[in-house]
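Undergrad: For reference, the structure I am asking about is given below.
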Amino acid sequence: MIDIVRQKISKLLSDGSVKGVVALAMANGHVAPCLFQKEDDLEPLCLGDTKKPGDARYPLNKVLITIARQYPEDVFGVLVRGCDERGLYVLYRLNQLEPDKVMTIGIACPQELAKACECKKPYPDELVAGEKTEGITQQGVQDMEDMDLSKRFSFWKNQFSKCVKCYGCRDICPMCFCRECSLECEDIISKGELPVDIPVFHLTRAMHMTDRCIDCGLCDETCPSGIPLRLLYKKTSKIMNAEFGFTSGINKNEQSPLNLMGPAPEK
Amino acid sequence: MDYRNTLTTCTYCGCGCNLFLESLDGKLTHTTPCKTSPVNEGKLCIKGWNVHQFVQSEKRLNKPLLRKDGKLTEVSWDEALDFTVSKLKEIKEANGSDSVGFFASAKVTNEENYLMQKFARAAIGTNSVDHCARL
């Protein structure tokens with residue numbers, strides 16, 4: 001699979017379609033985001049798999065935003081999985097990236113990773129390498145809903161109380177790009193104090209994720225306290241889908257129901 | 001266009017979390033925890049997440065200051081070190097080696113801390129060595 005990806009990147013760079021390609025590189029024994037600019041410099045390219053498939057994924061779209069803000073006229077390539085491509089669609093909608101300045105190199109996730117993520121679409125629309133696998137039914141949210149209310153309440157209270165307020169969930173999130181963040185607004189969140197404001201901190205973030213979260217799971221992976229944030233955002237996504245028939249990042253030209261006036265769009 | 005992620009170790013405490021300092025055209029833009037590091041496995045605390053900020057902070061002290069006539073004044077490293085040496089000698093001669101204490105730092109490397117305690121014991125002649133547990 002990696003050879004196909006390497007060939008594709010090499011082609012994009014050599015024919016001048018892109019100024020650079022944001023992907024992952026293996027250097028010093030570690031995987032890191034990298035901007036490839038020369039076609040004969042692709043040896044360290046990797047796909048973020050070390051011990052398990054996709055266990056060294058990084059928010060490449062976030063890197064792309066950083067570079068594109070500095071070089072708005074240039075076209076860049078970016079390595080995307082299904083979730084990353086959904087992320088791009090949302091970022092186009094929110095005017096953070098321009099679709100005609102981005103070329104994707106799409107890879108499909110293996111079944112093992114799709115299952116671990118409970119991913120509804122473990123492949124991008126534009127697939128370059130890998131085999132499409134089936135989307136997975138989201139059992140985690142259902143299991144949570146099956147708990148009775150008081151148990152659920154104490155479960156989340158317990159989870160939120162573990163928070164050390166590292167803001168890692170926000171800092172790693174490829175959909176978090178605001179220059180001013182509500183989580184730093186002292187009218188809502190106390191500054192420099194623990195325990196965290198329960199449930200305001202986590203629910204404020206969950207609210208802001210309702211039409212943005214693309215279910216990549218990087219927040220879950222970076223949380224030092226092991227709070228199941230992804231499960232929380234899966235629930236908000238489920239509500240958005242039930243109420244408005246909306247799933248963020250599924251359609252390239254999507255509109256968020258939160259930005260529409262008038263009657264609810266047809267499901 | 002020079003985009004890099006430089007693998008390094010967090011300077012805030014002794015845990016030794018590995019992180020990438022992201023830079024674009026020589027300016028630091030972001031910190032990303034290293035997922036393949038066995039120390040922190042892709043996680044950081046709030047200080048680690050913001051470690052790139054102090055490097056370029058306008059408030060950062062990057063030249064030695066010496067108090068002259070009650071006012072902090074910028075001086076060269078040579079002048080600052082000469083002053084420190086003369087004062088340390090003066091204090092040691094007047095009050096003995098144990099009148100000087102040394103504080104090591106969690107923000108520097110193991111080797112630098114080793115050198116500091118060596119300096120305390122061998123050059124000054126005291127075993128009053130401690131560290132700043134809080135930063």
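Just so we're on the same page: first chain in the structure tokens is A, next is B, and so on; residues restart at 1 for each chain, and ligands are numbered from 1 in the order they show up.
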When you look at region 31-35 of chain A with a cut-off of 8 Å (counting only C-alpha atoms), what residues show up, excluding the ones that are within fewer than 5 positions of it in the same chain? I need them as number ranges by chain.

TA: A: 20-26, 46, 48, 56, 58, 60, 63; B: 3-5, 20, 34-36

Undergrad: Just need the residues of chain B within 9 Å of chain A, counting only C-alpha atoms, so spit them out as a list in words.

TA: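 Result, ordered by chain then number: Met1, Asp2, Tyr3, Arg4, Asn5, Thr6, Leu7, Phe20, Glu22, Leu24, Thr29, His30, Thr31, Thr32, Pro33, Cys34, Lys35, Thr36, Ser37, Asn40, Glu41, Gly42, Lys43, Leu44, Cys45, Ile46, Lys47, Gly48 and Trp49 of chain B.
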
Undergrad: Based on DSSP run over this structure's backbone, return all residues of chain B in strand (DSSP E), as a PyMOL selection string.

TA: chain B and resi 3-9+18-24+27-33+65-68+71-74+102-104+129-131

Undergrad: Please produce an output containing N, CA and C atoms for each residue in the selection, written as a CSV table (one decimal), in the first residue's frame.

TA:
chain,number,residue,atom,x,y,z
B,3,TYR,N,9.1,23.6,6.7
B,3,TYR,CA,8.3,23.1,7.8
B,3,TYR,C,9.0,21.9,8.5
B,4,ARG,N,9.0,21.9,9.8
B,4,ARG,CA,9.7,20.9,10.5
B,4,ARG,C,9.0,20.5,11.8
B,5,ASN,N,9.2,19.2,12.1
B,5,ASN,CA,8.8,18.8,13.5
B,5,ASN,C,10.0,18.2,14.2
B,6,THR,N,10.5,18.9,15.2
B,6,THR,CA,11.7,18.6,15.8
B,6,THR,C,11.4,17.8,17.1
B,7,LEU,N,11.9,16.5,17.1
B,7,LEU,CA,11.7,15.7,18.3
B,7,LEU,C,12.6,16.2,19.4
B,8,THR,N,12.0,16.4,20.6
B,8,THR,CA,12.8,16.9,21.7
B,8,THR,C,12.1,16.4,23.0
B,9,THR,N,12.7,16.7,24.1
B,9,THR,CA,12.2,16.3,25.4
B,9,THR,C,11.6,17.6,26.2
B,18,ASN,N,8.3,13.1,25.6
B,18,ASN,CA,8.8,13.4,24.2
B,18,ASN,C,7.8,14.2,23.5
B,19,LEU,N,8.2,15.2,22.8
B,19,LEU,CA,7.3,16.0,22.0
B,19,LEU,C,7.9,16.5,20.7
B,20,PHE,N,7.1,16.9,19.8
B,20,PHE,CA,7.6,17.5,18.5
B,20,PHE,C,7.3,19.0,18.6
B,21,LEU,N,8.4,19.8,18.4
B,21,LEU,CA,8.2,21.2,18.2
B,21,LEU,C,8.0,21.5,16.8
B,22,GLU,N,6.8,22.0,16.4
B,22,GLU,CA,6.5,22.3,15.0
B,22,GLU,C,7.0,23.7,14.7
B,23,SER,N,7.7,23.8,13.6
B,23,SER,CA,8.1,25.1,13.2
B,23,SER,C,7.9,25.3,11.7
B,24,LEU,N,7.5,26.6,11.4
B,24,LEU,CA,7.4,26.9,10.0
B,24,LEU,C,8.2,28.2,9.7
B,27,LYS,N,9.9,29.7,12.8
B,27,LYS,CA,9.1,30.2,13.9
B,27,LYS,C,8.3,29.0,14.5
B,28,LEU,N,8.4,28.9,15.8
B,28,LEU,CA,7.6,27.8,16.5
B,28,LEU,C,6.1,28.0,16.4
B,29,THR,N,5.4,27.0,16.0
B,29,THR,CA,4.0,27.2,15.8
B,29,THR,C,3.1,26.3,16.7
B,30,HIS,N,3.6,25.1,17.1
B,30,HIS,CA,2.8,24.2,17.9
B,30,HIS,C,3.6,23.2,18.6
B,31,THR,N,3.0,22.5,19.6
B,31,THR,CA,3.6,21.4,20.2
B,31,THR,C,2.8,20.2,20.0
B,32,THR,N,3.3,19.1,19.6
B,32,THR,CA,2.6,17.8,19.5
B,32,THR,C,3.2,16.7,20.3
B,33,PRO,N,2.5,16.0,21.2
B,33,PRO,CA,3.1,14.9,21.9
B,33,PRO,C,3.5,13.8,21.0
B,65,LEU,N,21.2,40.0,33.7
B,65,LEU,CA,20.9,41.3,34.3
B,65,LEU,C,21.7,41.3,35.6
B,66,LEU,N,22.3,42.5,35.8
B,66,LEU,CA,23.0,42.7,37.1
B,66,LEU,C,22.5,44.0,37.8
B,67,ARG,N,22.3,43.9,39.1
B,67,ARG,CA,21.7,45.0,39.8
B,67,ARG,C,22.8,46.0,40.0
B,68,LYS,N,22.7,47.2,39.4
B,68,LYS,CA,23.7,48.2,39.6
B,68,LYS,C,23.0,49.5,40.1
B,71,LYS,N,19.4,49.1,40.3
B,71,LYS,CA,18.6,49.0,39.0
B,71,LYS,C,19.2,47.8,38.2
B,72,LEU,N,18.3,46.9,37.7
B,72,LEU,CA,18.7,45.8,36.9
B,72,LEU,C,19.2,46.3,35.6
B,73,THR,N,20.4,45.9,35.2
B,73,THR,CA,21.0,46.4,34.0
B,73,THR,C,21.5,45.3,33.2
B,74,GLU,N,21.3,45.3,31.9
B,74,GLU,CA,21.8,44.3,31.0
B,74,GLU,C,23.3,44.3,30.9
B,102,PHE,N,23.2,25.3,46.8
B,102,PHE,CA,22.9,25.2,45.4
B,102,PHE,C,21.6,24.6,45.1
B,103,PHE,N,20.9,25.2,44.2
B,103,PHE,CA,19.6,24.6,43.7
B,103,PHE,C,19.7,24.1,42.3
B,104,ALA,N,19.5,22.9,42.1
B,104,ALA,CA,19.5,22.3,40.8
B,104,ALA,C,18.1,22.5,40.2
B,129,VAL,N,23.1,20.7,48.5
B,129,VAL,CA,22.6,20.7,47.2
B,129,VAL,C,21.1,20.3,47.2
B,130,ASP,N,20.3,21.0,46.6
B,130,ASP,CA,18.8,20.7,46.6
B,130,ASP,C,18.3,21.0,45.2
B,131,HIS,N,17.0,20.8,45.1
B,131,HIS,CA,16.4,21.1,43.7
B,131,HIS,C,15.1,21.7,43.9

Undergrad: What's the 8 Å shell around region 190-201 of chain A, counting only C-alpha atoms, without same-chain residues fewer than 5 positions away, as a list in words?

TA: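 Here the qualifying residues turn out to be Lys157, Phe160, Ser161, Cys163, Val164, Lys165, Leu183 and Glu184 of chain A.
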
Undergrad: Just the residues within 10 Å of Arg69 (chain A), please, counting only C-alpha atoms, with nothing from its chain fewer than 5 positions along; format it as a list in words.

TA: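 Contacts, in chain order: Leu64, Gln96 and Leu97 of chain A.
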
Undergrad: Would you save the residues from that selection as a short mmCIF file (atom, residue, chain, number, x, y, z; two decimals), in the first residue's frame, using all heavy atoms?

TA:
data_model
loop_
_atom_site.label_atom_id
_atom_site.label_comp_id
_atom_site.auth_asym_id
_atom_site.auth_seq_id
_atom_site.Cartn_x
_atom_site.Cartn_y
_atom_site.Cartn_z
N LEU A 64 -1.83 21.13 7.88
CA LEU A 64 -2.15 21.76 6.59
C LEU A 64 -2.69 23.18 6.79
O LEU A 64 -2.31 24.10 6.05
CB LEU A 64 -3.17 20.89 5.85
CG LEU A 64 -3.57 21.34 4.45
CD1 LEU A 64 -2.37 21.38 3.52
CD2 LEU A 64 -4.63 20.41 3.87
N GLN A 96 -11.82 27.29 6.44
CA GLN A 96 -10.45 27.22 6.96
C GLN A 96 -9.47 26.74 5.89
O GLN A 96 -8.28 26.97 6.00
CB GLN A 96 -10.39 26.30 8.19
CG GLN A 96 -11.22 26.79 9.34
CD GLN A 96 -10.84 28.21 9.74
OE1 GLN A 96 -9.68 28.51 9.99
NE2 GLN A 96 -11.83 29.10 9.79
N LEU A 97 -10.00 26.04 4.91
CA LEU A 97 -9.17 25.58 3.79
C LEU A 97 -9.99 25.75 2.51
O LEU A 97 -11.22 25.73 2.55
CB LEU A 97 -8.81 24.10 3.96
CG LEU A 97 -7.77 23.74 5.02
CD1 LEU A 97 -7.74 22.23 5.25
CD2 LEU A 97 -6.37 24.24 4.66
#

Undergrad: Which residues are close to Ala123 (chain B), i.e. within 12 Å by only C-alpha atoms, leaving aside same-chain residues fewer than 5 positions away? Reply as a ChimeraX atom specification.

TA: /B:85,88-89,92,97,100,115-118

Undergrad: Those residues with C-alpha atoms, as an mmCIF file, in the first residue's frame please?

TA:
data_model
loop_
_atom_site.group_PDB
_atom_site.id
_atom_site.type_symbol
_atom_site.label_atom_id
_atom_site.label_comp_id
_atom_site.auth_asym_id
_atom_site.auth_seq_id
_atom_site.Cartn_x
_atom_site.Cartn_y
_atom_site.Cartn_z
ATOM 1 C CA VAL B 85 32.710 34.183 40.730
ATOM 2 C CA LEU B 88 31.026 33.424 45.586
ATOM 3 C CA LYS B 89 34.722 33.542 46.477
ATOM 4 C CA LYS B 92 33.192 31.444 50.868
ATOM 5 C CA SER B 97 31.877 26.758 52.179
ATOM 6 C CA VAL B 100 26.601 28.681 50.056
ATOM 7 C CA LEU B 115 27.910 19.287 36.716
ATOM 8 C CA MET B 116 26.191 21.588 39.165
ATOM 9 C CA GLN B 117 26.476 19.231 42.131
ATOM 10 C CA LYS B 118 30.076 18.524 41.136
#

Undergrad: Which residues in region 94-135 of chain B does DSSP call alpha helix (DSSP H)? List them as number ranges by chain.

TA: B: 94-95, 110-118

Undergrad: Output N, CA, C and O atoms for every residue in the selection just made, as a short mmCIF file (atom, residue, chain, number, x, y, z; two decimals), in the first residue's frame.

TA:
data_model
loop_
_atom_site.label_atom_id
_atom_site.label_comp_id
_atom_site.auth_asym_id
_atom_site.auth_seq_id
_atom_site.Cartn_x
_atom_site.Cartn_y
_atom_site.Cartn_z
N ALA B 94 34.80 34.57 53.57
CA ALA B 94 34.32 35.25 54.78
C ALA B 94 33.57 34.31 55.72
O ALA B 94 33.74 34.36 56.94
N ASN B 95 32.72 33.41 55.16
CA ASN B 95 31.80 32.63 56.01
C ASN B 95 31.93 31.11 55.88
O ASN B 95 31.17 30.37 56.49
N ASN B 110 20.09 16.02 32.92
CA ASN B 110 20.75 15.21 33.93
C ASN B 110 22.23 15.59 34.04
O ASN B 110 22.79 15.73 35.12
N GLU B 111 22.87 15.74 32.87
CA GLU B 111 24.30 16.03 32.81
C GLU B 111 24.59 17.40 33.41
O GLU B 111 25.58 17.59 34.12
N GLU B 112 23.71 18.37 33.12
CA GLU B 112 23.91 19.70 33.67
C GLU B 112 23.75 19.70 35.20
O GLU B 112 24.48 20.37 35.92
N ASN B 113 22.78 18.90 35.66
CA ASN B 113 22.60 18.79 37.11
C ASN B 113 23.79 18.10 37.76
O ASN B 113 24.21 18.46 38.86
N TYR B 114 24.34 17.13 37.06
CA TYR B 114 25.53 16.45 37.57
C TYR B 114 26.67 17.47 37.73
O TYR B 114 27.33 17.54 38.77
N LEU B 115 26.84 18.28 36.68
CA LEU B 115 27.91 19.29 36.72
C LEU B 115 27.71 20.26 37.88
O LEU B 115 28.66 20.64 38.55
N MET B 116 26.45 20.61 38.11
CA MET B 116 26.19 21.59 39.16
C MET B 116 26.55 21.04 40.55
O MET B 116 27.18 21.72 41.35
N GLN B 117 26.16 19.77 40.81
CA GLN B 117 26.48 19.23 42.13
C GLN B 117 27.98 19.01 42.27
O GLN B 117 28.55 19.13 43.34
N LYS B 118 28.63 18.70 41.13
CA LYS B 118 30.08 18.52 41.14
C LYS B 118 30.76 19.85 41.50
O LYS B 118 31.69 19.89 42.29
#

Undergrad: How far is it from CA of Asn62 (chain B) to CA of Ala120 (chain B), in Å with one decimal?

TA: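 Between CA of Asn62 (chain B) and CA of Ala120 (chain B) the gap works out to 24.8 Å.
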
Undergrad: For Met209 (chain A), which residue among A:Ala242, A:Ile250, A:Cys173, A:Cys185 is the nearest when counting only C-alpha atoms?

TA: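 The shortest atom-to-atom distance to Met209 (chain A) comes from A:Cys173.
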